[in-house]
>>> print(open('data35.txt').read())   # compact mmCIF, C-alpha atoms and all ligand atoms
# COMPACT_ATOMS: atom_id res chain seq x y z
CA MET A 25 1.25 -52.51 -110.34
CA SER A 26 1.94 -55.47 -108.09
CA ARG A 27 0.96 -55.23 -104.45
CA GLY A 28 2.23 -57.54 -101.73
CA LEU A 29 -0.18 -59.37 -99.46
CA ASP A 30 -0.52 -58.11 -95.89
CA VAL A 31 0.26 -61.41 -94.17
CA ARG A 32 -0.71 -60.22 -90.68
CA ALA A 33 -4.10 -58.93 -91.83
CA ASN A 34 -4.72 -62.24 -93.58
CA GLU A 35 -3.73 -64.49 -90.69
CA ARG A 36 -7.12 -66.16 -90.39
CA HIS A 37 -7.00 -66.96 -94.12
CA PHE A 38 -3.68 -68.75 -93.66
CA VAL A 39 -5.19 -70.71 -90.75
CA GLU A 40 -8.16 -71.65 -92.94
CA LEU A 41 -5.81 -72.81 -95.71
CA LYS A 42 -3.71 -74.82 -93.26
CA ASP A 43 -6.84 -76.54 -91.90
CA TYR A 44 -7.88 -77.35 -95.45
CA ILE A 45 -4.48 -78.82 -96.28
CA GLU A 46 -4.64 -81.00 -93.16
CA SER A 47 -8.08 -82.25 -94.19
CA ILE A 48 -6.89 -83.41 -97.62
CA ARG A 49 -3.28 -84.24 -96.87
CA ASP A 50 -3.55 -87.85 -98.04
CA SER A 51 -5.41 -87.15 -101.27
CA GLN A 52 -4.15 -87.22 -104.82
CA GLY A 53 -3.51 -83.93 -106.59
CA LEU A 54 -2.73 -82.19 -103.33
CA LEU A 55 -0.99 -79.20 -104.93
CA MET A 56 -3.78 -78.45 -107.44
CA GLN A 57 -6.49 -78.80 -104.81
CA THR A 58 -4.55 -76.55 -102.45
CA LEU A 59 -4.00 -73.88 -105.11
CA HIS A 60 -7.70 -73.86 -105.98
CA LYS A 61 -8.66 -73.54 -102.33
CA ALA A 62 -6.06 -70.83 -101.73
CA GLN A 63 -7.38 -68.81 -104.65
CA GLU A 64 -10.91 -69.21 -103.31
CA ILE A 65 -9.78 -67.94 -99.90
CA PHE A 66 -7.43 -65.12 -100.95
CA GLY A 67 -8.94 -64.26 -104.36
CA TYR A 68 -5.52 -64.74 -106.00
CA LEU A 69 -2.18 -66.42 -105.40
CA PRO A 70 0.43 -63.87 -104.36
CA ILE A 71 3.98 -65.00 -103.68
CA GLU A 72 3.37 -65.00 -99.91
CA VAL A 73 0.64 -67.62 -100.36
CA GLN A 74 2.80 -69.64 -102.75
CA LYS A 75 5.61 -69.67 -100.17
CA PHE A 76 3.18 -70.86 -97.49
CA ILE A 77 1.95 -73.68 -99.75
CA SER A 78 5.52 -74.61 -100.63
CA SER A 79 6.41 -74.93 -96.98
CA GLU A 80 3.22 -76.74 -95.93
CA LEU A 81 3.39 -79.28 -98.75
CA ASP A 82 7.18 -79.55 -98.70
CA ILE A 83 7.32 -78.77 -102.41
CA SER A 84 9.84 -76.32 -103.86
CA LEU A 85 8.64 -72.77 -104.44
CA ALA A 86 9.82 -73.11 -108.05
CA GLU A 87 7.38 -75.99 -108.56
CA VAL A 88 4.49 -74.16 -106.90
CA TYR A 89 5.24 -71.06 -108.98
CA GLY A 90 5.56 -73.15 -112.16
CA VAL A 91 2.13 -74.73 -111.70
CA THR A 92 0.52 -71.44 -110.65
CA THR A 93 1.75 -69.60 -113.73
CA PHE A 94 1.16 -72.49 -116.16
CA TYR A 95 -2.59 -72.80 -115.59
CA THR A 96 -4.63 -69.82 -116.71
CA GLN A 97 -7.28 -70.40 -114.02
CA PHE A 98 -4.78 -69.22 -111.40
CA ASN A 99 -4.15 -65.51 -110.87
CA ILE A 100 -0.99 -64.19 -109.30
CA GLU A 101 -2.30 -60.62 -109.40
CA PRO A 102 -5.42 -59.55 -107.51
CA LYS A 103 -8.59 -59.32 -109.57
CA GLY A 104 -11.10 -56.55 -109.12
CA LYS A 105 -14.75 -57.00 -108.18
CA HIS A 106 -15.68 -56.07 -111.76
CA LYS A 107 -13.84 -57.34 -114.81
CA ILE A 108 -13.78 -55.01 -117.82
CA GLY A 109 -13.00 -56.66 -121.15
CA VAL A 110 -12.28 -54.35 -124.06
CA CYS A 111 -12.65 -56.09 -127.40
CA LEU A 112 -9.64 -55.54 -129.63
CA GLY A 113 -10.95 -57.78 -132.42
CA THR A 114 -10.70 -56.40 -135.96
CA ALA A 115 -14.19 -54.87 -136.21
CA CYS A 116 -13.87 -53.15 -132.84
CA TYR A 117 -10.34 -52.02 -133.52
CA VAL A 118 -11.37 -50.41 -136.81
CA LYS A 119 -14.25 -48.62 -135.03
CA GLY A 120 -11.99 -47.08 -132.39
CA ALA A 121 -11.51 -49.68 -129.63
CA ARG A 122 -8.08 -48.24 -128.92
CA SER A 123 -9.51 -44.90 -127.85
CA ILE A 124 -12.07 -46.70 -125.63
CA LEU A 125 -9.25 -48.65 -124.01
CA ASP A 126 -7.18 -45.50 -123.54
CA GLN A 127 -10.14 -43.72 -121.95
CA LEU A 128 -10.73 -46.61 -119.54
CA ALA A 129 -7.05 -46.71 -118.62
CA LYS A 130 -7.13 -42.98 -117.99
CA GLU A 131 -10.34 -43.05 -115.93
CA LEU A 132 -9.17 -45.98 -113.85
CA ASP A 133 -5.52 -44.89 -113.71
CA ILE A 134 -4.27 -48.38 -114.56
CA GLU A 135 -2.85 -50.26 -117.56
CA VAL A 136 -4.29 -53.34 -119.26
CA GLY A 137 -3.94 -56.37 -116.99
CA GLN A 138 -3.99 -54.29 -113.83
CA THR A 139 -6.51 -53.82 -111.03
CA THR A 140 -7.47 -50.54 -109.43
CA ALA A 141 -6.09 -49.81 -105.95
CA ASP A 142 -9.60 -50.14 -104.46
CA ASN A 143 -9.90 -53.62 -106.06
CA LEU A 144 -13.07 -52.54 -107.86
CA PHE A 145 -12.01 -52.98 -111.50
CA THR A 146 -9.63 -55.14 -113.52
CA LEU A 147 -8.97 -53.97 -117.07
CA GLU A 148 -8.36 -56.58 -119.77
CA ALA A 149 -8.14 -56.66 -123.54
CA THR A 150 -10.06 -59.48 -125.22
CA ARG A 151 -10.52 -61.10 -128.61
CA CYS A 152 -13.78 -60.82 -130.57
CA LEU A 153 -16.74 -61.01 -128.21
CA GLY A 154 -19.05 -62.18 -130.99
CA CYS A 155 -21.13 -59.04 -131.36
CA CYS A 156 -19.17 -57.18 -134.04
CA GLY A 157 -22.32 -55.38 -135.24
CA LEU A 158 -22.13 -53.37 -132.00
CA ALA A 159 -18.45 -52.41 -132.43
CA PRO A 160 -16.68 -51.04 -130.52
CA VAL A 161 -17.72 -53.26 -127.64
CA ILE A 162 -16.73 -53.72 -124.01
CA MET A 163 -18.01 -56.19 -121.45
CA ILE A 164 -18.21 -55.46 -117.75
CA ASP A 165 -18.86 -58.73 -115.93
CA GLN A 166 -21.82 -60.09 -117.97
CA ASP A 167 -23.00 -56.71 -119.34
CA VAL A 168 -22.26 -55.79 -122.95
CA TYR A 169 -21.88 -52.16 -124.03
CA GLY A 170 -21.72 -51.45 -127.75
CA LYS A 171 -21.42 -48.63 -130.27
CA LEU A 172 -19.32 -46.84 -127.70
CA GLU A 173 -17.59 -43.53 -127.77
CA ALA A 174 -14.86 -42.60 -125.34
CA ASN A 175 -17.09 -40.01 -123.67
CA ASN A 176 -19.59 -42.75 -122.67
CA ILE A 177 -17.05 -44.34 -120.34
CA PRO A 178 -17.41 -42.20 -117.17
CA GLU A 179 -21.18 -42.75 -117.08
CA ILE A 180 -20.81 -46.51 -117.55
CA LEU A 181 -18.18 -46.83 -114.83
CA ALA A 182 -20.34 -44.82 -112.43
CA LYS A 183 -22.94 -47.62 -112.45
CA TYR A 184 -20.41 -49.99 -110.93
CA ARG A 185 -19.05 -47.56 -108.38
CA ASP A 186 -22.24 -47.34 -106.32
S1 LIG B 201 -14.47 -57.65 -133.08
FE1 LIG B 201 -15.30 -56.84 -131.26
S2 LIG B 201 -17.11 -58.00 -131.01
FE2 LIG B 201 -16.19 -58.84 -132.74
>>> encode(input="data35.txt", output="structure tokens")
Amino acid sequence: MSRGLDVRANERHFVELKDYIESIRDSQGLLMQTLHKAQEIFGYLPIEVQKFISSELDISLAEVYGVTTFYTQFNIEPKGKHKIGVCLGTACYVKGARSILDQLAKELDIEVGQTTADNLFTLEATRCLGCCGLAPVIMIDQDVYGKLEANNIPEILAKYRD
């Protein structure tokens, strides 16, 4: 689910980005520095922000988009306050990670890679998290939850909703 940025509501953020660009205009690596700053300000790099950068730096939108999507540190979708990583490594998969993932998707009403409408959670699938003895495992931010069953999910999510 991709949501457009409300440009009017974010006007002061565009002003802040413009001021930043002016302050570094003569430096090397202007585009990368600007993208990092824009992500810090907006939390992600929606197309509206990419267009603004393209115009301010006089660089084609195709180039801005190319750089934004090439580097994994840049997000073009909004990220939630809490990142949920569901391990789909072999040990977790064998122990039922799929049903954990399905339960999370159902509870949050999103698919893998998406963020909830309230921007609270982003759901991601990950490789082995290095604690296979606890399979199936999920991580929410820095917290690890292991030996999970699908019916544990509502209680775990509730901790992050307060
Ligand atoms: S396979 Fe999930 S922690 Fe290793």
>>> closest_residue(input="data35.txt", among="A:Arg151, A:Arg32, A:His60, A:Arg49", to="ligand LIG 201 (chain B)", atoms="all atoms listed in the file")
A:Arg151
>>> axis_aligned_box(input="data35.txt", around="range 104-111 of chain A", padding_each_side="4 Å", output="AutoDock Vina command-line options")
--center_x -13.4 --center_y -55.8 --center_z -117.8 --size_x 12.6 --size_y 11.0 --size_z 27.2
>>> closest_residue(input="data35.txt", among="A:Ile77, A:Ile162, A:Val31, A:Leu54", to="ligand LIG 201 (chain B)", atoms="all atoms listed in the file")
A:Ile162
>>> closest_atom_pairs(input="data35.txt", of="chain A", to="ligand LIG 201 (chain B)", cutoff="8 Å", atoms="all atoms listed in the file", output="Markdown table")
| residue | atom | partner | partner_atom | distance |
| --- | --- | --- | --- | --- |
| A:Cys111 | CA | B:LIG201 | FE1 | 4.7 |
| A:Leu112 | CA | B:LIG201 | FE1 | 6.0 |
| A:Gly113 | CA | B:LIG201 | S1 | 3.6 |
| A:Thr114 | CA | B:LIG201 | S1 | 4.9 |
| A:Ala115 | CA | B:LIG201 | S1 | 4.2 |
| A:Cys116 | CA | B:LIG201 | FE1 | 4.3 |
| A:Tyr117 | CA | B:LIG201 | S1 | 7.0 |
| A:Arg151 | CA | B:LIG201 | S1 | 6.9 |
| A:Cys152 | CA | B:LIG201 | FE2 | 3.8 |
| A:Leu153 | CA | B:LIG201 | S2 | 4.1 |
| A:Gly154 | CA | B:LIG201 | S2 | 4.6 |
| A:Cys155 | CA | B:LIG201 | S2 | 4.2 |
| A:Cys156 | CA | B:LIG201 | FE2 | 3.7 |
| A:Gly157 | CA | B:LIG201 | S2 | 7.2 |
| A:Leu158 | CA | B:LIG201 | S2 | 6.9 |
| A:Ala159 | CA | B:LIG201 | FE1 | 5.6 |
| A:Pro160 | CA | B:LIG201 | FE1 | 6.0 |
| A:Val161 | CA | B:LIG201 | FE1 | 5.6 |
>>> residues_around(input="data35.txt", residues="Leu85 in chain A", least_positions_apart="3", cutoff="10 Å", atoms="all atoms listed in the file", output="VMD selection string")
chain A and resid 71 74 to 79 82 88 to 91
